[in-house]
Number of protein chains: 2
Amino acid sequence: MKDKKVLIVGGVACGGKAAARLMRVDPRADVTVLEKGEYISYAGCGLPYYVGGVVKEYRDLMTTPIGVVRDENFFRKVKHVTVHTQHLATRLDRRKKIVTALDLRNGEEKEFPYDKLVLSTGASPLRPPIPGSDLPRVFTLWNMPDALAMRAAIDSGKVKNAVVIGAGLIGMEVVEALHDQGIQVSIVDLCETPLPQMMDREFGNLLRAVLEKKGINFFGGEKVLEIQGYNGEIKSVKTDKREVPAEMVLMAVGVRPNVGIAREAGLALGSCGGVIVDDHMRTSDPDIYAGGDCVEVKNVLTGKPVWQPMGSVANRQGRVIADNIAGLPTTFKGVAGTAIMKAFEYTIGKTGLTREQARLEGFNAEAVTIVDSDTPHFMPGSAAIQVRIVADRNTRKVLGAQVFGAGRADKRLDILVSAAAGGLTIDELADADIAYAPPYSTALDPVTHAANTLKNKIDGLMVSWSPSELAEKIRKGENPVLLDVRSPDEVKTQGTLPYETTLIPLGQLWDRGSELPRDREIIAFCKISVRGWDADSILKRLGYEKVSVLEGGIAGWPFELRKE
Amino acid sequence: MKDKKVLIVGGVACGGKAAARLMRVDPRADVTVLEKGEYISYAGCGLPYYVGGVVKEYRDLMTTPIGVVRDENFFRKVKHVTVHTQHLATRLDRRKKIVTALDLRNGEEKEFPYDKLVLSTGASPLRPPIPGSDLPRVFTLWNMPDALAMRAAIDSGKVKNAVVIGAGLIGMEVVEALHDQGIQVSIVDLCETPLPQMMDREFGNLLRAVLEKKGINFFGGEKVLEIQGYNGEIKSVKTDKREVPAEMVLMAVGVRPNVGIAREAGLALGSCGGVIVDDHMRTSDPDIYAGGDCVEVKNVLTGKPVWQPMGSVANRQGRVIADNIAGLPTTFKGVAGTAIMKAFEYTIGKTGLTREQARLEGFNAEAVTIVDSDTPHFMPGSAAIQVRIVADRNTRKVLGAQVFGAGRADKRLDILVSAAAGGLTIDELADADIAYAPPYSTALDPVTHAANTLKNKIDGLMVSWSPSELAEKIRKGENPVLLDVRSPDEVKTQGTLPYETTLIPLGQLWDRGSELPRDREIIAFCKISVRGWDADSILKRLGYEKVSVLEGGIAGWPFELRKE
């Protein structure tokens, strides 16, 4: 049988995976990879950790687990795949089924015929035309050369202050990398809180507080006007509100899919700017597949197109592409909008829809946030996490989640990813037989606790308000009693809400509850609002009707606290 | 409206939870708890950690997260629940709706009437009538007094050697607790491998190897004949094969549900010995609910009754009981057989069915085991884990999983718990948008990798053998070529299989593959069998037909390795 010429344009995540998988499952495949860069099949998501010195050798990002570098030689010897690095694909002739590429080392043009083509051309960072953005040490961080250049700048010892423009995932990961090396870091973003695309304002604020505690400046709601330099050196970054000293700038304002040759060849592009593919990762041309950062896919919860450039997604897609080229029917159903980030000892992450996104999509969405320990308080290392679950009131299915905390929040996020993928209702989730032993979770895992709390809320057993909702009530002039049921000592050490509060420790509430007015809403809280929920029950027993709870209590309050 | 007298017999996990929840959701409930012990509402699963000194104060096991002891006074003041400790329920009169209890402090008999009764009478450890089992320092570990007594024995300094009889969860948790305090520990069990009820033989063997590396003796397949003493002190434990020195013995051979008053009152008991309850946790008497260790429930995968005495399950059931008494329709669908344990730096856990259990239940079950890093190899702290997934070939749904390793295996187990709860197929699981960033997972999470590998196996793209299956092939006289594709250096440092192997490093296989015989099965492996899978593909391309892979490679081999 004749060989099947498969040409893959782009050899980092999706392309590398597709090539390797093809050689495993398609005995006819004759695979060639064109990569414009010098490096292939490297761990792009590891770049911030190389910049930060956590990963000592950049080569470690390109090796197999046993230390073999995945270069052209490796692909040829082990995979029998031909790789051409420094080959930039410039033209796609779909009629002749030929890709033209430029050998960047000598300017030579070459033609590569194909039977099946895979476009995994990736994405590129945006570089807005800010005056001064052409100065040295103004970086983007997207590929290996970017990381090497940033590392060299840091190692030069000349960088004492750095400004990160853009508080998205990449920007925020680099913040920690720079801070850990003694550099004073400032972040500037047009939005008020970090990770504005990913987390809602409350979770963004929690992260902002972490940054500020570490001595990192977060200048939210500010616009960069100019990167000011002198003698070819950066001096400062000028925003519409201030001037921030800097010897290094990272532009991390976003990326866009590389769809140049796809567009010129007339392949269908979508509303997010990516190449449109079907469930089999096939483009509008049946002989052309596309995957990774250059395509848009469906959000599994909304069915709408989204663009989610992530290494994990690209790898999954590469496998699906290979299977389909090999004639194995495999589908890629879409993404759930999952993302996660480590910020010092904290973890912050999200999957699915926020409540507001879900409501915009037409869901009858409700959500609740809880604060809980990741392991029992008596176990060493026990730390708090916040879990927010979003569900549909009608179907009761999980629609999304957000997590934050110094505890093991990544596990809870992935439990919820799996739950949403399986269409679990909050009732089924609360029933799930999650593994319990004290080193791993509380007897009722924080996820179980969150699911139960959302059940209480949706079933009308509990009225609760998120911090933003409470702040909004106060701003609108409502005058609830903010009932603090902590001990006076806790108030001193933990601080309290920046409003007038009424303190009745929980143990006195049965006796003293009747002191409270009957004509105002009573919103109970404590450190994490578990006692707040007890207080709610007691007050209802005492005949109070308009009683509610502040979600997450003081530990979950993402705004300023008042110190007594 | 008249109060509803709710009487709860047993106040540790299920009972305490039911009482607290009732006061939150049932305005009419007047709740009384009878507890035979001195302590209530404590974290029973934390007892081994108190014995091991990880938890310093036993009171920490009974406090709320803010340090308030959950005693009778706390329940009265905060929950308005009346608790009688040291009250042993002795008789249940269902006609009169009265429970008679003995006040253990003074021998007084008292009657407690009820409208609704909750039986959460727990379980008790078995104490087989081995000669010498009445000696001092022969312990069981089930409740707080047990833990205090064990702790005192350790603190006396007289215990240099301890024998744990029974290698179930409790026994194994105590092993680490004792070892950490400098005590030489030996385990004796009738079964060949640890955790015989929970893990299959391969995973049990992996744990056994960990124990032996730590200097702990595991005497599997042995029967204890006598605990030998002298002058009221234990001297040794005599088995059918040896005599083991000991100054302390823990009997951890199992527990059984406490169903005495339930049986005498004529409530229906089940095949596992527990009280039978319906989906609403109601017994055969509509006014009596039961939960926690004294009931049996359904396994959600098989629909058959099982007895799974776990603190997490008891807590979930307590909540369901309270809701149903309060008139809120809530169901408890069952358990999945999830269990987890920490053994030094290792985690071992299980959910659902093993392949063999699933086949006995009539499923067309298949399984695969993979070894993978929990985070990318370039991240500090990256460690290996093994994940075994069991799925149904017909429906492709996940039926169960086992995990083991020094890496973060608990997260992967819980992803799989959630996946099984949602009825995810391996295809959907492989597609799930699991959170990826280098501190948390590999680009394709070990769970994704395991799901993909099982797809390969079920779809006939890959034939693979578990270590036991390979050992069985060799035992039966089959003569496969065991093709090792590691580097010679790795063979030296990692050791190799205890059989004749053929070494061709992967990079040479395209050239040298034809050296291999064509008439024998070739089973490829490497450190973790990812290169083994590459080798499989290469050999197929070279025209070999009977090619397969050893699952997990050398890292997953649970039996003796041969050192070169």
# chains A, B, ... in the order shown; residues from 1 in each chain; ligands from 1
>>> interface_residues(of="chain A", to="chain B", cutoff="6 Å", atoms="only C-alpha atoms", output="PDB file with C-alpha atoms, in the first residue's frame")
ATOM      1  CA  ARG A  24       2.156   4.394  16.633  1.00  0.00           C
ATOM      2  CA  ASP A  60      15.213  19.906  30.756  1.00  0.00           C
ATOM      3  CA  PRO A  65      11.717  11.846  31.474  1.00  0.00           C
ATOM      4  CA  LYS A  77      16.024   7.720  15.226  1.00  0.00           C
ATOM      5  CA  VAL A  78      13.232   6.849  17.604  1.00  0.00           C
ATOM      6  CA  SER A 312      -2.827  20.218  27.755  1.00  0.00           C
ATOM      7  CA  VAL A 335     -12.983  22.301  26.437  1.00  0.00           C
ATOM      8  CA  ALA A 336     -14.428  23.333  29.775  1.00  0.00           C
ATOM      9  CA  THR A 338     -10.218  24.974  32.934  1.00  0.00           C
ATOM     10  CA  ALA A 339      -7.151  26.919  34.045  1.00  0.00           C
ATOM     11  CA  ILE A 340      -4.934  26.843  37.107  1.00  0.00           C
ATOM     12  CA  HIS A 377      -7.392  20.999  61.557  1.00  0.00           C
ATOM     13  CA  PHE A 378      -5.555  18.526  63.799  1.00  0.00           C
ATOM     14  CA  LYS A 411      -7.373  18.360  43.709  1.00  0.00           C
ATOM     15  CA  ASP A 414     -10.051  18.429  39.198  1.00  0.00           C
ATOM     16  CA  ILE A 415     -12.772  16.581  41.107  1.00  0.00           C
ATOM     17  CA  SER A 418     -14.521  15.409  36.318  1.00  0.00           C
ATOM     18  CA  ALA A 419     -17.936  16.040  37.906  1.00  0.00           C
ATOM     19  CA  GLY A 422     -19.971  13.595  33.802  1.00  0.00           C
ATOM     20  CA  LEU A 424     -23.133  15.264  37.926  1.00  0.00           C
ATOM     21  CA  ASP A 433     -17.579   8.456  47.705  1.00  0.00           C
ATOM     22  CA  ILE A 434     -14.526  10.719  47.864  1.00  0.00           C
ATOM     23  CA  ALA A 435     -11.461   9.150  49.448  1.00  0.00           C
ATOM     24  CA  ALA A 443     -14.352  13.561  56.702  1.00  0.00           C
ATOM     25  CA  LEU A 444     -16.619  15.552  54.443  1.00  0.00           C
ATOM     26  CA  GLY A 507     -22.463  30.102  72.672  1.00  0.00           C
ATOM     27  CA  SER A 537     -30.552  28.147  62.422  1.00  0.00           C
TER      28      SER A 537
END
>>> closest_residue(among="B:Lys546, B:Lys492, B:Arg520, B:Lys97", to="B:Asp287", atoms="only C-alpha atoms")
B:Lys97
>>> residues_around(residues="stretch 218-228 of chain A", least_positions_apart="2", cutoff="10 Å", atoms="only C-alpha atoms", output="PyMOL selection string")
chain A and resi 129-135+138+163-167+185-194+208-209+211-212+215-216+230+232-249
>>> select_by_dssp(residues="stretch 318-368 of chain B", states="strand (DSSP E)", output="mmCIF file with N, CA and C atoms, in the first residue's frame")
data_model
loop_
_atom_site.group_PDB
_atom_site.id
_atom_site.type_symbol
_atom_site.label_atom_id
_atom_site.label_comp_id
_atom_site.auth_asym_id
_atom_site.auth_seq_id
_atom_site.Cartn_x
_atom_site.Cartn_y
_atom_site.Cartn_z
ATOM 1 N N ALA B 339 -11.314 3.780 49.327
ATOM 2 C CA ALA B 339 -10.496 3.788 50.545
ATOM 3 C C ALA B 339 -9.110 4.287 50.180
ATOM 4 N N ILE B 340 -8.465 4.907 51.140
ATOM 5 C CA ILE B 340 -7.136 5.472 50.883
ATOM 6 C C ILE B 340 -6.308 5.383 52.145
ATOM 7 N N MET B 341 -5.009 5.308 51.976
ATOM 8 C CA MET B 341 -4.110 5.245 53.122
ATOM 9 C C MET B 341 -2.765 5.858 52.781
ATOM 10 N N LYS B 342 -2.200 6.527 53.761
ATOM 11 C CA LYS B 342 -0.832 7.031 53.628
ATOM 12 C C LYS B 342 0.089 6.011 54.275
ATOM 13 N N ALA B 343 1.152 5.659 53.586
ATOM 14 C CA ALA B 343 2.154 4.775 54.160
ATOM 15 C C ALA B 343 3.497 5.452 53.940
ATOM 16 N N TYR B 346 4.299 7.379 50.752
ATOM 17 C CA TYR B 346 3.483 6.770 49.702
ATOM 18 C C TYR B 346 1.989 6.883 50.000
ATOM 19 N N THR B 347 1.235 6.884 48.935
ATOM 20 C CA THR B 347 -0.220 6.873 49.032
ATOM 21 C C THR B 347 -0.721 5.632 48.318
ATOM 22 N N ILE B 348 -1.704 4.978 48.916
ATOM 23 C CA ILE B 348 -2.295 3.817 48.251
ATOM 24 C C ILE B 348 -3.804 3.917 48.403
ATOM 25 N N GLY B 349 -4.509 3.687 47.327
ATOM 26 C CA GLY B 349 -5.957 3.865 47.410
ATOM 27 C C GLY B 349 -6.696 3.140 46.301
ATOM 28 N N LYS B 350 -7.991 3.076 46.472
ATOM 29 C CA LYS B 350 -8.828 2.301 45.564
ATOM 30 C C LYS B 350 -10.242 2.873 45.524
ATOM 31 N N THR B 351 -10.881 2.751 44.397
ATOM 32 C CA THR B 351 -12.318 2.998 44.338
ATOM 33 C C THR B 351 -12.950 1.998 43.385
ATOM 34 N N GLY B 352 -14.208 1.728 43.582
ATOM 35 C CA GLY B 352 -14.935 0.848 42.672
ATOM 36 C C GLY B 352 -14.443 -0.579 42.726
ATOM 37 N N ALA B 365 -14.974 -6.754 31.866
ATOM 38 C CA ALA B 365 -14.040 -5.751 32.382
ATOM 39 C C ALA B 365 -12.641 -5.891 31.806
ATOM 40 N N GLU B 366 -12.008 -4.760 31.581
ATOM 41 C CA GLU B 366 -10.599 -4.727 31.200
ATOM 42 C C GLU B 366 -9.932 -3.668 32.064
ATOM 43 N N ALA B 367 -8.607 -3.776 32.197
ATOM 44 C CA ALA B 367 -7.890 -2.821 33.046
ATOM 45 C C ALA B 367 -6.499 -2.619 32.493
ATOM 46 N N VAL B 368 -5.916 -1.502 32.859
ATOM 47 C CA VAL B 368 -4.513 -1.287 32.536
ATOM 48 C C VAL B 368 -3.880 -0.499 33.669
#
>>> residues_around(residues="A:Val306", least_positions_apart="2", cutoff="7 Å", atoms="only C-alpha atoms", output="count of residues only")
7
>>> residues_around(residues="B:Ala450", least_positions_apart="4", cutoff="7 Å", atoms="only C-alpha atoms", output="number ranges by chain")
B: 370, 387, 389, 446, 454
>>> residues_around(residues="A:Arg95", least_positions_apart="6", cutoff="12 Å", atoms="only C-alpha atoms", output="ChimeraX atom specification")
/A:113-115,265-266,285,287-288
>>> select_by_dssp(residues="stretch 158-269 of chain B", states="helix (DSSP H, G or I)", output="PDB file with N, CA and C atoms, in the first residue's frame")
ATOM      1  N   LEU B 169      -6.643  -1.622  56.927  1.00  0.00           N
ATOM      2  CA  LEU B 169      -6.374  -0.187  56.985  1.00  0.00           C
ATOM      3  C   LEU B 169      -5.892   0.266  58.361  1.00  0.00           C
ATOM      4  N   ILE B 170      -6.605  -0.135  59.415  1.00  0.00           N
ATOM      5  CA  ILE B 170      -6.231   0.357  60.743  1.00  0.00           C
ATOM      6  C   ILE B 170      -4.870  -0.185  61.146  1.00  0.00           C
ATOM      7  N   GLY B 171      -4.674  -1.476  60.946  1.00  0.00           N
ATOM      8  CA  GLY B 171      -3.383  -2.068  61.271  1.00  0.00           C
ATOM      9  C   GLY B 171      -2.246  -1.360  60.565  1.00  0.00           C
ATOM     10  N   MET B 172      -2.443  -1.107  59.276  1.00  0.00           N
ATOM     11  CA  MET B 172      -1.367  -0.516  58.495  1.00  0.00           C
ATOM     12  C   MET B 172      -1.098   0.929  58.898  1.00  0.00           C
ATOM     13  N   GLU B 173      -2.152   1.654  59.276  1.00  0.00           N
ATOM     14  CA  GLU B 173      -1.917   3.033  59.726  1.00  0.00           C
ATOM     15  C   GLU B 173      -1.134   3.060  61.034  1.00  0.00           C
ATOM     16  N   VAL B 174      -1.403   2.086  61.897  1.00  0.00           N
ATOM     17  CA  VAL B 174      -0.700   2.042  63.183  1.00  0.00           C
ATOM     18  C   VAL B 174       0.756   1.620  62.989  1.00  0.00           C
ATOM     19  N   VAL B 175       1.013   0.803  61.988  1.00  0.00           N
ATOM     20  CA  VAL B 175       2.388   0.384  61.703  1.00  0.00           C
ATOM     21  C   VAL B 175       3.294   1.606  61.577  1.00  0.00           C
ATOM     22  N   GLU B 176       2.856   2.564  60.781  1.00  0.00           N
ATOM     23  CA  GLU B 176       3.679   3.758  60.587  1.00  0.00           C
ATOM     24  C   GLU B 176       3.803   4.535  61.896  1.00  0.00           C
ATOM     25  N   ALA B 177       2.687   4.629  62.626  1.00  0.00           N
ATOM     26  CA  ALA B 177       2.693   5.359  63.898  1.00  0.00           C
ATOM     27  C   ALA B 177       3.729   4.780  64.861  1.00  0.00           C
ATOM     28  N   LEU B 178       3.801   3.469  64.935  1.00  0.00           N
ATOM     29  CA  LEU B 178       4.737   2.819  65.857  1.00  0.00           C
ATOM     30  C   LEU B 178       6.171   2.940  65.347  1.00  0.00           C
ATOM     31  N   HIS B 179       6.341   2.693  64.050  1.00  0.00           N
ATOM     32  CA  HIS B 179       7.673   2.764  63.454  1.00  0.00           C
ATOM     33  C   HIS B 179       8.293   4.143  63.661  1.00  0.00           C
ATOM     34  N   ARG B 201      -3.394  -8.037  44.521  1.00  0.00           N
ATOM     35  CA  ARG B 201      -2.111  -8.535  44.999  1.00  0.00           C
ATOM     36  C   ARG B 201      -0.935  -7.663  44.537  1.00  0.00           C
ATOM     37  N   GLU B 202      -1.020  -7.119  43.322  1.00  0.00           N
ATOM     38  CA  GLU B 202       0.105  -6.329  42.813  1.00  0.00           C
ATOM     39  C   GLU B 202       0.282  -5.050  43.623  1.00  0.00           C
ATOM     40  N   PHE B 203      -0.802  -4.349  43.862  1.00  0.00           N
ATOM     41  CA  PHE B 203      -0.687  -3.120  44.641  1.00  0.00           C
ATOM     42  C   PHE B 203      -0.320  -3.435  46.085  1.00  0.00           C
ATOM     43  N   GLY B 204      -0.845  -4.526  46.612  1.00  0.00           N
ATOM     44  CA  GLY B 204      -0.458  -4.947  47.952  1.00  0.00           C
ATOM     45  C   GLY B 204       1.038  -5.203  48.040  1.00  0.00           C
ATOM     46  N   ASN B 205       1.568  -5.821  47.003  1.00  0.00           N
ATOM     47  CA  ASN B 205       3.005  -6.092  46.978  1.00  0.00           C
ATOM     48  C   ASN B 205       3.835  -4.823  46.921  1.00  0.00           C
ATOM     49  N   LEU B 206       3.346  -3.825  46.201  1.00  0.00           N
ATOM     50  CA  LEU B 206       4.068  -2.553  46.145  1.00  0.00           C
ATOM     51  C   LEU B 206       4.162  -1.954  47.548  1.00  0.00           C
ATOM     52  N   LEU B 207       3.073  -2.059  48.286  1.00  0.00           N
ATOM     53  CA  LEU B 207       3.074  -1.540  49.656  1.00  0.00           C
ATOM     54  C   LEU B 207       3.987  -2.378  50.537  1.00  0.00           C
ATOM     55  N   ARG B 208       3.949  -3.674  50.333  1.00  0.00           N
ATOM     56  CA  ARG B 208       4.819  -4.559  51.104  1.00  0.00           C
ATOM     57  C   ARG B 208       6.294  -4.179  50.914  1.00  0.00           C
ATOM     58  N   ALA B 209       6.660  -3.855  49.690  1.00  0.00           N
ATOM     59  CA  ALA B 209       8.038  -3.468  49.414  1.00  0.00           C
ATOM     60  C   ALA B 209       8.402  -2.182  50.152  1.00  0.00           C
ATOM     61  N   VAL B 210       7.463  -1.247  50.238  1.00  0.00           N
ATOM     62  CA  VAL B 210       7.710  -0.007  50.984  1.00  0.00           C
ATOM     63  C   VAL B 210       7.991  -0.338  52.449  1.00  0.00           C
ATOM     64  N   LEU B 211       7.154  -1.195  53.020  1.00  0.00           N
ATOM     65  CA  LEU B 211       7.318  -1.558  54.429  1.00  0.00           C
ATOM     66  C   LEU B 211       8.685  -2.188  54.661  1.00  0.00           C
ATOM     67  N   GLU B 212       9.048  -3.103  53.776  1.00  0.00           N
ATOM     68  CA  GLU B 212      10.303  -3.818  53.977  1.00  0.00           C
ATOM     69  C   GLU B 212      11.503  -2.881  53.838  1.00  0.00           C
ATOM     70  N   LYS B 213      11.377  -1.909  52.927  1.00  0.00           N
ATOM     71  CA  LYS B 213      12.441  -0.912  52.772  1.00  0.00           C
ATOM     72  C   LYS B 213      12.615  -0.105  54.060  1.00  0.00           C
ATOM     73  N   GLY B 260     -26.785  -5.365  68.117  1.00  0.00           N
ATOM     74  CA  GLY B 260     -27.472  -6.090  69.182  1.00  0.00           C
ATOM     75  C   GLY B 260     -28.907  -5.631  69.410  1.00  0.00           C
ATOM     76  N   ILE B 261     -29.114  -4.369  69.763  1.00  0.00           N
ATOM     77  CA  ILE B 261     -30.486  -3.947  70.065  1.00  0.00           C
ATOM     78  C   ILE B 261     -31.347  -3.947  68.810  1.00  0.00           C
ATOM     79  N   ALA B 262     -30.749  -3.705  67.674  1.00  0.00           N
ATOM     80  CA  ALA B 262     -31.519  -3.751  66.426  1.00  0.00           C
ATOM     81  C   ALA B 262     -32.032  -5.165  66.179  1.00  0.00           C
ATOM     82  N   ARG B 263     -31.173  -6.145  66.384  1.00  0.00           N
ATOM     83  CA  ARG B 263     -31.556  -7.531  66.146  1.00  0.00           C
ATOM     84  C   ARG B 263     -32.654  -7.958  67.123  1.00  0.00           C
ATOM     85  N   GLU B 264     -32.411  -7.625  68.415  1.00  0.00           N
ATOM     86  CA  GLU B 264     -33.386  -8.029  69.427  1.00  0.00           C
ATOM     87  C   GLU B 264     -34.748  -7.397  69.197  1.00  0.00           C
TER      88      GLU B 264
END
>>> decode(residues="stretch 418-451 of chain B", atoms="C-alpha atoms", output="compact mmCIF listing (two decimals), in the first residue's frame")
# COMPACT_ATOMS: atom_id res chain seq x y z
CA SER B 418 -15.95 11.58 40.46
CA ALA B 419 -15.65 10.06 36.98
CA ALA B 420 -17.18 6.77 38.07
CA ALA B 421 -19.96 8.62 39.92
CA GLY B 422 -20.81 10.41 36.69
CA GLY B 423 -20.66 7.27 34.58
CA LEU B 424 -17.86 8.68 32.42
CA THR B 425 -16.55 6.47 29.66
CA ILE B 426 -12.80 6.18 29.24
CA ASP B 427 -13.19 8.29 26.10
CA GLU B 428 -14.91 11.09 27.99
CA LEU B 429 -12.37 10.79 30.77
CA ALA B 430 -9.49 11.06 28.30
CA ASP B 431 -11.18 14.20 26.94
CA ALA B 432 -11.80 15.81 30.36
CA ASP B 433 -10.31 19.27 30.64
CA ILE B 434 -8.14 18.52 33.69
CA ALA B 435 -6.30 21.52 35.08
CA TYR B 436 -2.75 21.80 33.83
CA ALA B 437 0.15 23.90 34.99
CA PRO B 438 3.57 22.39 35.75
CA PRO B 439 3.21 22.55 39.58
CA TYR B 440 0.07 20.40 39.38
CA SER B 441 0.24 17.84 36.60
CA THR B 442 1.85 16.77 33.41
CA ALA B 443 0.43 18.24 30.18
CA LEU B 444 -1.51 15.03 29.86
CA ASP B 445 -2.38 14.17 33.43
CA PRO B 446 -1.64 10.59 34.60
CA VAL B 447 -5.40 10.01 34.60
CA THR B 448 -5.63 11.13 30.97
CA HIS B 449 -2.62 8.96 30.15
CA ALA B 450 -4.20 5.96 31.88
CA ALA B 451 -7.53 6.49 30.11
